[in-house]
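Scroll down for the structure; my scribbles are underneath it.
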Amino acid sequence: MNLSCPGSAYTYSYATMGELVAWIIGWDLILEYLVGAATVAVGWSGYFVSFFQVAFSIDLGKRFTSPPLHWDEPTLSIIYNPDGIINLPGLLIVLVLTIILVLGIRESKWLNNVIVIIKLLTVLLFIFAGIKYVDPKNWRPFVPPATTDGDWRHFGAGGIFAAAQSVFFAYIGFDAVSTAAQESKRPERDLPVGIMVSLGVCTVLYICTAFVLTGIVPYAQLNVEAPVALACVQTGMKWLEIIVTLGALGGLTSVMLIMLLAQPRIFHTMAHDGLLPPIFARVHRRFRTPYVPTLVSGAVTAALGALLPVDLLGNMTSVGTLLAFLFVHVGIVVLRFSRPDVPRKFRIPGPGFVWMVFPVVGAAVSVLLIAVADRTTIWRLFAWMVGLCVLSDCDRADLLRGLRIPEVKPRPSEVDRGSCVGAGETLSVGGERDNGDLT
């Protein structure tokens with residue numbers, strides 16, 4: 001089944017389980033990308049401050065580089081942070097990227113490859129340069145014992161699952177890849193292969209980086225905004241700290257760019273399907289970009305990154321990502337039984353019902369990780385979706401009728417690999433007309 005129109009998990013849910021589920025996942029993805037980009041903006045700010053400290057010995061202080069709110073873990077509440085007024089670097093970087101996306105930016109294939117190579121070289125440099133400073137004593141005990149503060153999520157076996165839930169927002173990038181399906185020459189082959197290969201490479205790099213990081217610095221000292229920079233400080237190699245910090249800034253910038261680029265696509269696709277007001281499907285006459293959703297998502301992301309702490313934002317993004325992945329796993333099973341006749345260019349290998357192992361296990365793991373999140377995060381997620389359903393002016397009767405699975409047909413713009421704008425209209429990211437490439 002070839003779903004080449006952008007929309008990621010939203011489009012898949014729409015095709016397999018109908019408009020009601022697609023509506024839920026659409027708003028979940030909107031929350032996911034908004035909060036995810038804000039989370040990365042806070043991390044970017046930490047490395048920005050660290051770079052000025054290391055390269056120029058300039059201390060930017062905390063007053064204009066820290067959010068005014070702080071997440072208090074013991075009480076699970078947001079408290080006032082007297083040391084910070086606003087996270088200005090995080091605010092400004094989001095606004096700059098938003099303006100660039102509205103005006104139009106075309107990243108050629110070679111430039112994308114250069115960015116990826118720089119990020120990979122930075123990670124490999126940290127791993128190989130820092131490995132000789134690893135102290136195996138920092139790994140003992142390998143699983144720190146659970147604390148006695150009454151929270152089972154603090155270390156121990158429960159802490160492993162809680163940490164997996166917290167860091168799961170890093171996998172939002174694989175969902176963002178699927179939003180670019182229409183720019184692939186052969187999406188039915190390129191997307192599965194690209195996602196699986198990148199997933200394998202990223203997993204290996206994550207594990208190696210975590211081993212080196214916790215081997216250089218004891219895990220109890222890593223609860224900072226720029227942990228890799230802290231590890232570089234411990235090595236005493238200033239050049240390494242400067243290079244790694246610059247690499248982290250470049251990498252986080254590209255991550256924010258991709259998230260802010262993917263977010264308007266969800267808005268745009270939902271508006272095209274009639275699940276959002278038509279204004280979100282509007283394309284700028286000159287720049288040929290979806291400027292309305294880009295400006296809205298950029299403004300909200302900038303505000304979140306400027307005011308909220310990274311741990312609160314990260315937990316919200318992780319739960320939203322897990323919920324979207326849960327529906328995709330369920331949709332795989334539903335589609336196999338409801339539409340067995342649909343041509344499938346890519347199939348999970350194995351005889352009989354072996355294919356069911358992957359979506360069933362994936363759905364079970366998603367539910368488990370959502371369950372280990374703190375209750376306030378889960379309540380915020382569902383309050384977000386319920387509140388928007390109540391306040392929306394969409395025809396909820398149509399959504400209820402959307403429980404039926406719609407027939408998947410190419411949208412008018414899909415014929416020319418457009419961007420779900422409508423007949424004769426395409427989106428571009430570079431100010432050129434008649435080109436649907438958003439990469």
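Here, A, B, ... name the chains of the structure tokens in the order displayed, residue numbers run from 1 inside each chain, and ligands are numbered from 1 in the same displayed order.
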**Message:** Which residues are close to Gln263 (chain A), i.e. within 7 Å by only C-alpha atoms, leaving aside same-chain residues fewer than 3 positions away? Reply as a PyMOL selection string.
**Reply:** chain A and resi 30+33+259-260+266-267
Would you save the residues of that selection, restricted to N, CA, C and O atoms, as a PDB file, in the first residue's frame?
```
ATOM      1  N   ILE A  30       0.612  16.763  16.276  1.00  0.00           N
ATOM      2  CA  ILE A  30       0.811  18.207  16.400  1.00  0.00           C
ATOM      3  C   ILE A  30       1.468  18.521  17.743  1.00  0.00           C
ATOM      4  O   ILE A  30       2.443  19.290  17.829  1.00  0.00           O
ATOM      5  N   TYR A  33       5.218  17.167  17.690  1.00  0.00           N
ATOM      6  CA  TYR A  33       6.206  17.982  16.980  1.00  0.00           C
ATOM      7  C   TYR A  33       6.410  19.343  17.650  1.00  0.00           C
ATOM      8  O   TYR A  33       7.532  19.852  17.700  1.00  0.00           O
ATOM      9  N   MET A 259      11.783  19.099  12.327  1.00  0.00           N
ATOM     10  CA  MET A 259      10.535  19.068  13.093  1.00  0.00           C
ATOM     11  C   MET A 259       9.618  20.219  12.713  1.00  0.00           C
ATOM     12  O   MET A 259       8.404  20.042  12.540  1.00  0.00           O
ATOM     13  N   LEU A 260      10.195  21.409  12.571  1.00  0.00           N
ATOM     14  CA  LEU A 260       9.390  22.567  12.183  1.00  0.00           C
ATOM     15  C   LEU A 260       8.943  22.470  10.731  1.00  0.00           C
ATOM     16  O   LEU A 260       7.950  23.104  10.340  1.00  0.00           O
ATOM     17  N   ILE A 266       1.562  18.179   8.807  1.00  0.00           N
ATOM     18  CA  ILE A 266       0.438  17.536   9.500  1.00  0.00           C
ATOM     19  C   ILE A 266      -0.766  18.471   9.472  1.00  0.00           C
ATOM     20  O   ILE A 266      -1.890  18.065   9.146  1.00  0.00           O
ATOM     21  N   PHE A 267      -0.562  19.739   9.816  1.00  0.00           N
ATOM     22  CA  PHE A 267      -1.628  20.737   9.730  1.00  0.00           C
ATOM     23  C   PHE A 267      -2.227  20.751   8.325  1.00  0.00           C
ATOM     24  O   PHE A 267      -3.451  20.727   8.146  1.00  0.00           O
TER      25      PHE A 267
END
```
As a PDB file with all heavy atoms, in the first residue's frame, please: all residues of region 71-270 of chain A that backbone DSSP puts in strand (DSSP E or B).
```pdb
ATOM      1  N   TRP A  71      10.457  22.107  36.746  1.00  0.00           N
ATOM      2  CA  TRP A  71       9.674  20.912  37.043  1.00  0.00           C
ATOM      3  C   TRP A  71      10.194  20.272  38.325  1.00  0.00           C
ATOM      4  O   TRP A  71      11.348  19.879  38.422  1.00  0.00           O
ATOM      5  CB  TRP A  71       9.753  19.926  35.887  1.00  0.00           C
ATOM      6  CG  TRP A  71       9.050  18.625  36.148  1.00  0.00           C
ATOM      7  CD1 TRP A  71       9.619  17.397  36.308  1.00  0.00           C
ATOM      8  CD2 TRP A  71       7.643  18.420  36.280  1.00  0.00           C
ATOM      9  NE1 TRP A  71       8.665  16.445  36.521  1.00  0.00           N
ATOM     10  CE2 TRP A  71       7.439  17.042  36.510  1.00  0.00           C
ATOM     11  CE3 TRP A  71       6.544  19.270  36.231  1.00  0.00           C
ATOM     12  CZ2 TRP A  71       6.171  16.500  36.684  1.00  0.00           C
ATOM     13  CZ3 TRP A  71       5.278  18.733  36.401  1.00  0.00           C
ATOM     14  CH2 TRP A  71       5.105  17.369  36.626  1.00  0.00           C
ATOM     15  N   ASP A  72       9.332  20.201  39.326  1.00  0.00           N
ATOM     16  CA  ASP A  72       9.697  19.607  40.610  1.00  0.00           C
ATOM     17  C   ASP A  72       9.265  18.141  40.614  1.00  0.00           C
ATOM     18  O   ASP A  72       8.072  17.833  40.690  1.00  0.00           O
ATOM     19  CB  ASP A  72       9.027  20.363  41.763  1.00  0.00           C
ATOM     20  CG  ASP A  72       9.486  19.854  43.119  1.00  0.00           C
ATOM     21  OD1 ASP A  72      10.700  19.798  43.358  1.00  0.00           O
ATOM     22  OD2 ASP A  72       8.614  19.486  43.934  1.00  0.00           O
ATOM     23  N   SER A  77       5.049  18.816  40.049  1.00  0.00           N
ATOM     24  CA  SER A  77       4.394  20.101  39.819  1.00  0.00           C
ATOM     25  C   SER A  77       5.395  21.087  39.221  1.00  0.00           C
ATOM     26  O   SER A  77       6.612  20.892  39.303  1.00  0.00           O
ATOM     27  CB  SER A  77       3.833  20.659  41.128  1.00  0.00           C
ATOM     28  OG  SER A  77       4.868  20.847  42.080  1.00  0.00           O
ATOM     29  N   ILE A  78       4.862  22.135  38.618  1.00  0.00           N
ATOM     30  CA  ILE A  78       5.688  23.189  38.033  1.00  0.00           C
ATOM     31  C   ILE A  78       5.846  24.306  39.055  1.00  0.00           C
ATOM     32  O   ILE A  78       4.857  24.787  39.615  1.00  0.00           O
ATOM     33  CB  ILE A  78       5.048  23.737  36.745  1.00  0.00           C
ATOM     34  CG1 ILE A  78       4.917  22.631  35.702  1.00  0.00           C
ATOM     35  CG2 ILE A  78       5.869  24.884  36.171  1.00  0.00           C
ATOM     36  CD1 ILE A  78       4.214  23.068  34.433  1.00  0.00           C
ATOM     37  N   ILE A  79       7.068  24.700  39.327  1.00  0.00           N
ATOM     38  CA  ILE A  79       7.329  25.752  40.301  1.00  0.00           C
ATOM     39  C   ILE A  79       8.117  26.875  39.627  1.00  0.00           C
ATOM     40  O   ILE A  79       8.698  26.699  38.546  1.00  0.00           O
ATOM     41  CB  ILE A  79       8.110  25.225  41.522  1.00  0.00           C
ATOM     42  CG1 ILE A  79       9.470  24.652  41.091  1.00  0.00           C
ATOM     43  CG2 ILE A  79       7.298  24.175  42.257  1.00  0.00           C
ATOM     44  CD1 ILE A  79      10.340  24.201  42.260  1.00  0.00           C
ATOM     45  N   TYR A  80       8.137  28.021  40.272  1.00  0.00           N
ATOM     46  CA  TYR A  80       8.819  29.193  39.728  1.00  0.00           C
ATOM     47  C   TYR A  80      10.315  29.073  39.916  1.00  0.00           C
ATOM     48  O   TYR A  80      10.807  28.664  40.977  1.00  0.00           O
ATOM     49  CB  TYR A  80       8.303  30.455  40.412  1.00  0.00           C
ATOM     50  CG  TYR A  80       9.039  31.717  40.027  1.00  0.00           C
ATOM     51  CD1 TYR A  80       8.930  32.242  38.740  1.00  0.00           C
ATOM     52  CD2 TYR A  80       9.853  32.367  40.948  1.00  0.00           C
ATOM     53  CE1 TYR A  80       9.611  33.393  38.382  1.00  0.00           C
ATOM     54  CE2 TYR A  80      10.534  33.531  40.599  1.00  0.00           C
ATOM     55  CZ  TYR A  80      10.414  34.033  39.314  1.00  0.00           C
ATOM     56  OH  TYR A  80      11.098  35.162  38.965  1.00  0.00           O
ATOM     57  N   ASN A  87      14.267  31.777  28.330  1.00  0.00           N
ATOM     58  CA  ASN A  87      15.317  31.083  27.592  1.00  0.00           C
ATOM     59  C   ASN A  87      15.432  31.743  26.220  1.00  0.00           C
ATOM     60  O   ASN A  87      14.861  31.280  25.226  1.00  0.00           O
ATOM     61  CB  ASN A  87      14.967  29.599  27.453  1.00  0.00           C
ATOM     62  CG  ASN A  87      16.108  28.792  26.865  1.00  0.00           C
ATOM     63  OD1 ASN A  87      17.086  29.336  26.361  1.00  0.00           O
ATOM     64  ND2 ASN A  87      15.980  27.477  26.921  1.00  0.00           N
TER      65      ASN A  87
END
```
Tell me, as an mmCIF file with all heavy atoms, in the first residue's frame, which residues lie within 12 Å of Gln53 (chain A), counting only C-alpha atoms; anything in the same chain fewer than 3 positions away does not count.
```cif
data_model
loop_
_atom_site.group_PDB
_atom_site.id
_atom_site.type_symbol
_atom_site.label_atom_id
_atom_site.label_comp_id
_atom_site.auth_asym_id
_atom_site.auth_seq_id
_atom_site.Cartn_x
_atom_site.Cartn_y
_atom_site.Cartn_z
ATOM 1 N N GLY A 46 21.380 25.097 25.813
ATOM 2 C CA GLY A 46 22.419 24.658 26.740
ATOM 3 C C GLY A 46 23.779 24.568 26.084
ATOM 4 O O GLY A 46 24.796 24.999 26.647
ATOM 5 N N TYR A 47 23.809 23.999 24.875
ATOM 6 C CA TYR A 47 25.083 23.897 24.164
ATOM 7 C C TYR A 47 25.553 25.253 23.652
ATOM 8 O O TYR A 47 26.758 25.496 23.544
ATOM 9 C CB TYR A 47 24.947 22.910 23.003
ATOM 10 C CG TYR A 47 25.018 21.471 23.451
ATOM 11 C CD1 TYR A 47 23.855 20.720 23.631
ATOM 12 C CD2 TYR A 47 26.240 20.870 23.726
ATOM 13 C CE1 TYR A 47 23.912 19.403 24.062
ATOM 14 C CE2 TYR A 47 26.318 19.557 24.148
ATOM 15 C CZ TYR A 47 25.145 18.832 24.326
ATOM 16 O OH TYR A 47 25.218 17.533 24.762
ATOM 17 N N PHE A 48 24.629 26.161 23.354
ATOM 18 C CA PHE A 48 24.985 27.518 22.942
ATOM 19 C C PHE A 48 25.712 28.245 24.071
ATOM 20 O O PHE A 48 26.757 28.873 23.856
ATOM 21 C CB PHE A 48 23.714 28.273 22.552
ATOM 22 C CG PHE A 48 23.947 29.681 22.075
ATOM 23 C CD1 PHE A 48 24.370 29.927 20.775
ATOM 24 C CD2 PHE A 48 23.725 30.760 22.922
ATOM 25 C CE1 PHE A 48 24.580 31.228 20.336
ATOM 26 C CE2 PHE A 48 23.932 32.056 22.491
ATOM 27 C CZ PHE A 48 24.365 32.297 21.192
ATOM 28 N N VAL A 49 25.186 28.129 25.273
ATOM 29 C CA VAL A 49 25.825 28.737 26.442
ATOM 30 C C VAL A 49 27.183 28.097 26.697
ATOM 31 O O VAL A 49 28.174 28.784 26.997
ATOM 32 C CB VAL A 49 24.915 28.595 27.685
ATOM 33 C CG1 VAL A 49 25.636 29.068 28.943
ATOM 34 C CG2 VAL A 49 23.627 29.386 27.491
ATOM 35 N N SER A 50 27.240 26.773 26.571
ATOM 36 C CA SER A 50 28.498 26.058 26.799
ATOM 37 C C SER A 50 29.561 26.471 25.785
ATOM 38 O O SER A 50 30.742 26.622 26.139
ATOM 39 C CB SER A 50 28.250 24.547 26.715
ATOM 40 O OG SER A 50 29.456 23.825 26.842
ATOM 41 N N PHE A 56 35.095 31.367 24.241
ATOM 42 C CA PHE A 56 35.401 32.782 24.475
ATOM 43 C C PHE A 56 35.464 33.148 25.955
ATOM 44 O O PHE A 56 35.654 34.325 26.285
ATOM 45 C CB PHE A 56 34.349 33.661 23.789
ATOM 46 C CG PHE A 56 34.147 33.339 22.337
ATOM 47 C CD1 PHE A 56 32.973 32.719 21.904
ATOM 48 C CD2 PHE A 56 35.129 33.626 21.401
ATOM 49 C CE1 PHE A 56 32.781 32.414 20.571
ATOM 50 C CE2 PHE A 56 34.944 33.326 20.057
ATOM 51 C CZ PHE A 56 33.771 32.717 19.637
ATOM 52 N N SER A 57 35.287 32.171 26.836
ATOM 53 C CA SER A 57 35.282 32.411 28.292
ATOM 54 C C SER A 57 34.249 33.463 28.683
ATOM 55 O O SER A 57 34.469 34.287 29.576
ATOM 56 C CB SER A 57 36.678 32.852 28.769
ATOM 57 O OG SER A 57 37.629 31.840 28.513
ATOM 58 N N ILE A 58 33.104 33.438 27.997
ATOM 59 C CA ILE A 58 32.007 34.364 28.280
ATOM 60 C C ILE A 58 30.886 33.600 28.968
ATOM 61 O O ILE A 58 30.364 32.624 28.428
ATOM 62 C CB ILE A 58 31.473 35.017 26.989
ATOM 63 C CG1 ILE A 58 32.577 35.841 26.326
ATOM 64 C CG2 ILE A 58 30.255 35.889 27.290
ATOM 65 C CD1 ILE A 58 32.162 36.452 24.993
ATOM 66 N N ASP A 59 30.544 34.039 30.151
ATOM 67 C CA ASP A 59 29.455 33.415 30.892
ATOM 68 C C ASP A 59 28.172 34.202 30.618
ATOM 69 O O ASP A 59 28.032 35.354 31.032
ATOM 70 C CB ASP A 59 29.772 33.411 32.388
ATOM 71 C CG ASP A 59 28.723 32.659 33.198
ATOM 72 O OD1 ASP A 59 27.817 32.045 32.582
ATOM 73 O OD2 ASP A 59 28.802 32.679 34.448
ATOM 74 N N LEU A 60 27.255 33.590 29.907
ATOM 75 C CA LEU A 60 26.002 34.259 29.566
ATOM 76 C C LEU A 60 25.023 34.303 30.729
ATOM 77 O O LEU A 60 23.993 34.966 30.642
ATOM 78 C CB LEU A 60 25.345 33.568 28.366
ATOM 79 C CG LEU A 60 26.158 33.578 27.067
ATOM 80 C CD1 LEU A 60 25.400 32.855 25.960
ATOM 81 C CD2 LEU A 60 26.487 35.007 26.648
ATOM 82 N N GLY A 61 25.366 33.613 31.818
ATOM 83 C CA GLY A 61 24.484 33.624 32.984
ATOM 84 C C GLY A 61 23.208 32.827 32.761
ATOM 85 O O GLY A 61 22.963 32.264 31.702
ATOM 86 N N ALA A 229 29.047 18.006 26.550
ATOM 87 C CA ALA A 229 30.043 19.061 26.780
ATOM 88 C C ALA A 229 30.699 18.886 28.150
ATOM 89 O O ALA A 229 31.906 19.102 28.300
ATOM 90 C CB ALA A 229 29.382 20.436 26.676
ATOM 91 N N LEU A 230 29.908 18.477 29.143
ATOM 92 C CA LEU A 230 30.465 18.230 30.476
ATOM 93 C C LEU A 230 31.486 17.098 30.437
ATOM 94 O O LEU A 230 32.545 17.180 31.077
ATOM 95 C CB LEU A 230 29.335 17.889 31.451
ATOM 96 C CG LEU A 230 29.759 17.500 32.878
ATOM 97 C CD1 LEU A 230 30.491 18.646 33.558
ATOM 98 C CD2 LEU A 230 28.549 17.058 33.695
ATOM 99 N N VAL A 233 34.726 18.305 29.049
ATOM 100 C CA VAL A 233 35.474 19.087 30.047
ATOM 101 C C VAL A 233 36.316 18.159 30.913
ATOM 102 O O VAL A 233 37.476 18.459 31.251
ATOM 103 C CB VAL A 233 34.515 19.927 30.909
ATOM 104 C CG1 VAL A 233 35.264 20.570 32.082
ATOM 105 C CG2 VAL A 233 33.847 21.002 30.072
ATOM 106 N N LYS A 238 40.313 20.823 25.377
ATOM 107 C CA LYS A 238 39.446 21.950 25.045
ATOM 108 C C LYS A 238 39.021 21.913 23.583
ATOM 109 O O LYS A 238 37.881 22.260 23.249
ATOM 110 C CB LYS A 238 40.171 23.264 25.352
ATOM 111 C CG LYS A 238 39.283 24.493 25.215
ATOM 112 C CD LYS A 238 39.986 25.744 25.699
ATOM 113 C CE LYS A 238 39.060 26.950 25.591
ATOM 114 N NZ LYS A 238 39.709 28.197 26.085
ATOM 115 N N GLU A 241 36.075 19.710 23.186
ATOM 116 C CA GLU A 241 34.843 20.315 23.681
ATOM 117 C C GLU A 241 34.273 21.319 22.672
ATOM 118 O O GLU A 241 33.062 21.358 22.438
ATOM 119 C CB GLU A 241 35.091 21.007 25.016
ATOM 120 C CG GLU A 241 33.831 21.538 25.667
ATOM 121 C CD GLU A 241 34.104 22.157 27.025
ATOM 122 O OE1 GLU A 241 35.266 22.159 27.462
ATOM 123 O OE2 GLU A 241 33.140 22.665 27.636
ATOM 124 N N ILE A 242 35.155 22.122 22.066
ATOM 125 C CA ILE A 242 34.695 23.118 21.085
ATOM 126 C C ILE A 242 34.088 22.432 19.867
ATOM 127 O O ILE A 242 33.006 22.786 19.398
ATOM 128 C CB ILE A 242 35.854 24.044 20.670
ATOM 129 C CG1 ILE A 242 36.307 24.894 21.866
ATOM 130 C CG2 ILE A 242 35.434 24.948 19.514
ATOM 131 C CD1 ILE A 242 37.518 25.765 21.584
ATOM 132 N N THR A 245 30.817 20.586 20.780
ATOM 133 C CA THR A 245 29.740 21.543 21.047
ATOM 134 C C THR A 245 29.212 22.150 19.747
ATOM 135 O O THR A 245 28.001 22.285 19.558
ATOM 136 C CB THR A 245 30.228 22.660 21.986
ATOM 137 O OG1 THR A 245 30.705 22.076 23.206
ATOM 138 C CG2 THR A 245 29.094 23.613 22.326
#
```
**Point-to-point distance from CA of Ile25 (chain A) to CA of Leu69 (chain A), Å rounded to tenths** =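 Pair CA of Ile25 (chain A) / CA of Leu69 (chain A) returns 28.7 Å.
If you measure from each of A:Pro144, A:Gly194, A:Pro290, A:Pro264 to Ala220 (chain A) using only C-alpha atoms, the closest one turns out to be A:Pro144.
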Counting only C-alpha atoms, which residues of region 136-170 of chain A sit at most 8 Å from some atom of region 364-372 of chain A, and what is each one's closest atom pair with its distance in Å to one decimal, listed by chain and rising residue number, as a tab-separated table?
```
residue	atom	partner	partner_atom	distance
A:Arg153	CA	A:Val372	CA	7.8
A:Phe161	CA	A:Leu369	CA	6.6
A:Ala162	CA	A:Val372	CA	5.9
A:Ala164	CA	A:Leu369	CA	7.4
A:Gln165	CA	A:Leu369	CA	5.3
```
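Here CA of Arg189 (chain A) is placed at a distance of 14.3 Å from CA of Pro349 (chain A).
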**Request:** Write out as a list in words the residues lying within 9 Å of Val292 (chain A), counting only C-alpha atoms and excluding same-chain residues fewer than 6 positions away.
**Result:** Val102, Pro264, Ile279, Phe280, Ala281, Arg282, Val283 and His284 of chain A
Written selection (N, CA, C and O atoms) as an mmCIF file, in the first residue's frame:
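Saved result, selection18.cif, follows:
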```cif
data_model
loop_
_atom_site.group_PDB
_atom_site.id
_atom_site.type_symbol
_atom_site.label_atom_id
_atom_site.label_comp_id
_atom_site.auth_asym_id
_atom_site.auth_seq_id
_atom_site.Cartn_x
_atom_site.Cartn_y
_atom_site.Cartn_z
ATOM 1 N N VAL A 102 9.339 29.914 6.263
ATOM 2 C CA VAL A 102 8.279 30.681 5.593
ATOM 3 C C VAL A 102 8.802 31.266 4.287
ATOM 4 O O VAL A 102 8.131 31.206 3.245
ATOM 5 N N PRO A 264 4.077 21.626 9.928
ATOM 6 C CA PRO A 264 3.059 22.206 9.040
ATOM 7 C C PRO A 264 2.456 21.200 8.077
ATOM 8 O O PRO A 264 1.328 21.373 7.619
ATOM 9 N N ILE A 279 -7.893 27.423 6.321
ATOM 10 C CA ILE A 279 -6.789 28.378 6.351
ATOM 11 C C ILE A 279 -5.444 27.679 6.519
ATOM 12 O O ILE A 279 -4.414 28.155 6.052
ATOM 13 N N PHE A 280 -5.449 26.494 7.170
ATOM 14 C CA PHE A 280 -4.198 25.774 7.379
ATOM 15 C C PHE A 280 -3.713 25.078 6.112
ATOM 16 O O PHE A 280 -2.604 24.542 6.093
ATOM 17 N N ALA A 281 -4.538 25.053 5.091
ATOM 18 C CA ALA A 281 -4.120 24.488 3.803
ATOM 19 C C ALA A 281 -3.675 25.573 2.834
ATOM 20 O O ALA A 281 -3.352 25.285 1.686
ATOM 21 N N ARG A 282 -3.659 26.811 3.297
ATOM 22 C CA ARG A 282 -3.320 27.930 2.411
ATOM 23 C C ARG A 282 -1.817 27.956 2.132
ATOM 24 O O ARG A 282 -0.996 27.754 3.020
ATOM 25 N N VAL A 283 -1.479 28.245 0.890
ATOM 26 C CA VAL A 283 -0.089 28.304 0.458
ATOM 27 C C VAL A 283 0.252 29.734 0.060
ATOM 28 O O VAL A 283 -0.545 30.422 -0.576
ATOM 29 N N HIS A 284 1.418 30.191 0.453
ATOM 30 C CA HIS A 284 1.844 31.556 0.149
ATOM 31 C C HIS A 284 1.983 31.743 -1.360
ATOM 32 O O HIS A 284 2.554 30.890 -2.055
#
```
**Prompt:** Using only C-alpha atoms, which of the listed residues (A:Val94, A:Val342, A:Ala248, A:Val224) sits closest to Val310 (chain A)?
**Reply:** A:Val224
**Exercise: Ala306 (chain A) partners within 8 Å, only C-alpha atoms, chain neighbours under 5 positions left out, as a PyMOL selection string** = chain A and resi 42+66-67+86-88+90-91
Produce a file of the selected residues containing N, CA and C atoms, as a short mmCIF file (atom, residue, chain, number, x, y, z; two decimals), in the first residue's frame.
```cif
data_model
loop_
_atom_site.label_atom_id
_atom_site.label_comp_id
_atom_site.auth_asym_id
_atom_site.auth_seq_id
_atom_site.Cartn_x
_atom_site.Cartn_y
_atom_site.Cartn_z
N VAL A 42 15.55 23.82 23.84
CA VAL A 42 16.13 23.98 25.19
C VAL A 42 17.52 23.36 25.23
N SER A 66 17.69 30.65 30.89
CA SER A 66 16.96 29.62 31.62
C SER A 66 15.48 29.97 31.66
N PRO A 67 14.62 28.96 31.61
CA PRO A 67 13.18 29.22 31.67
C PRO A 67 12.76 29.67 33.07
N ILE A 86 13.77 34.09 30.97
CA ILE A 86 13.36 33.56 29.68
C ILE A 86 14.55 32.85 29.05
N ASN A 87 14.27 31.78 28.33
CA ASN A 87 15.32 31.08 27.59
C ASN A 87 15.43 31.74 26.22
N LEU A 88 16.19 32.83 26.18
CA LEU A 88 16.26 33.65 24.98
C LEU A 88 16.91 32.94 23.80
N GLY A 90 16.93 29.74 23.04
CA GLY A 90 15.96 28.79 22.52
C GLY A 90 14.83 29.48 21.78
N LEU A 91 14.40 30.63 22.27
CA LEU A 91 13.34 31.40 21.61
C LEU A 91 13.80 31.90 20.25
#
```
**Request:** Would you mind listing what lies within 8 Å of region 376-380 of chain A as a PyMOL selection string, with only C-alpha atoms counted and same-chain residues fewer than 6 positions away left out?
**Result:** chain A and resi 76+315-316+319+370
With N, CA and C atoms retained, export the selected residues as a compact mmCIF listing (two decimals), in the first residue's frame.
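Done, and the output landed in selection-v9.txt:
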```txt
# COMPACT_ATOMS: atom_id res chain seq x y z
N LEU A 76 5.75 16.47 41.51
CA LEU A 76 5.14 16.41 40.17
C LEU A 76 4.37 17.69 39.86
N ASN A 315 9.17 14.59 28.45
CA ASN A 315 8.19 13.58 28.83
C ASN A 315 6.92 13.68 27.99
N MET A 316 6.47 14.90 27.74
CA MET A 316 5.27 15.09 26.92
C MET A 316 5.49 14.57 25.50
N VAL A 319 5.54 10.57 25.38
CA VAL A 319 4.23 9.93 25.48
C VAL A 319 3.45 10.12 24.18
N ILE A 370 4.08 3.87 27.93
CA ILE A 370 3.13 4.93 28.28
C ILE A 370 2.70 4.79 29.73
```
**Message:** Between CA of Pro136 (chain A) and CA of Ile207 (chain A), what is the distance in Å, rounded to a tenth?
**Reply:** 15.4 Å
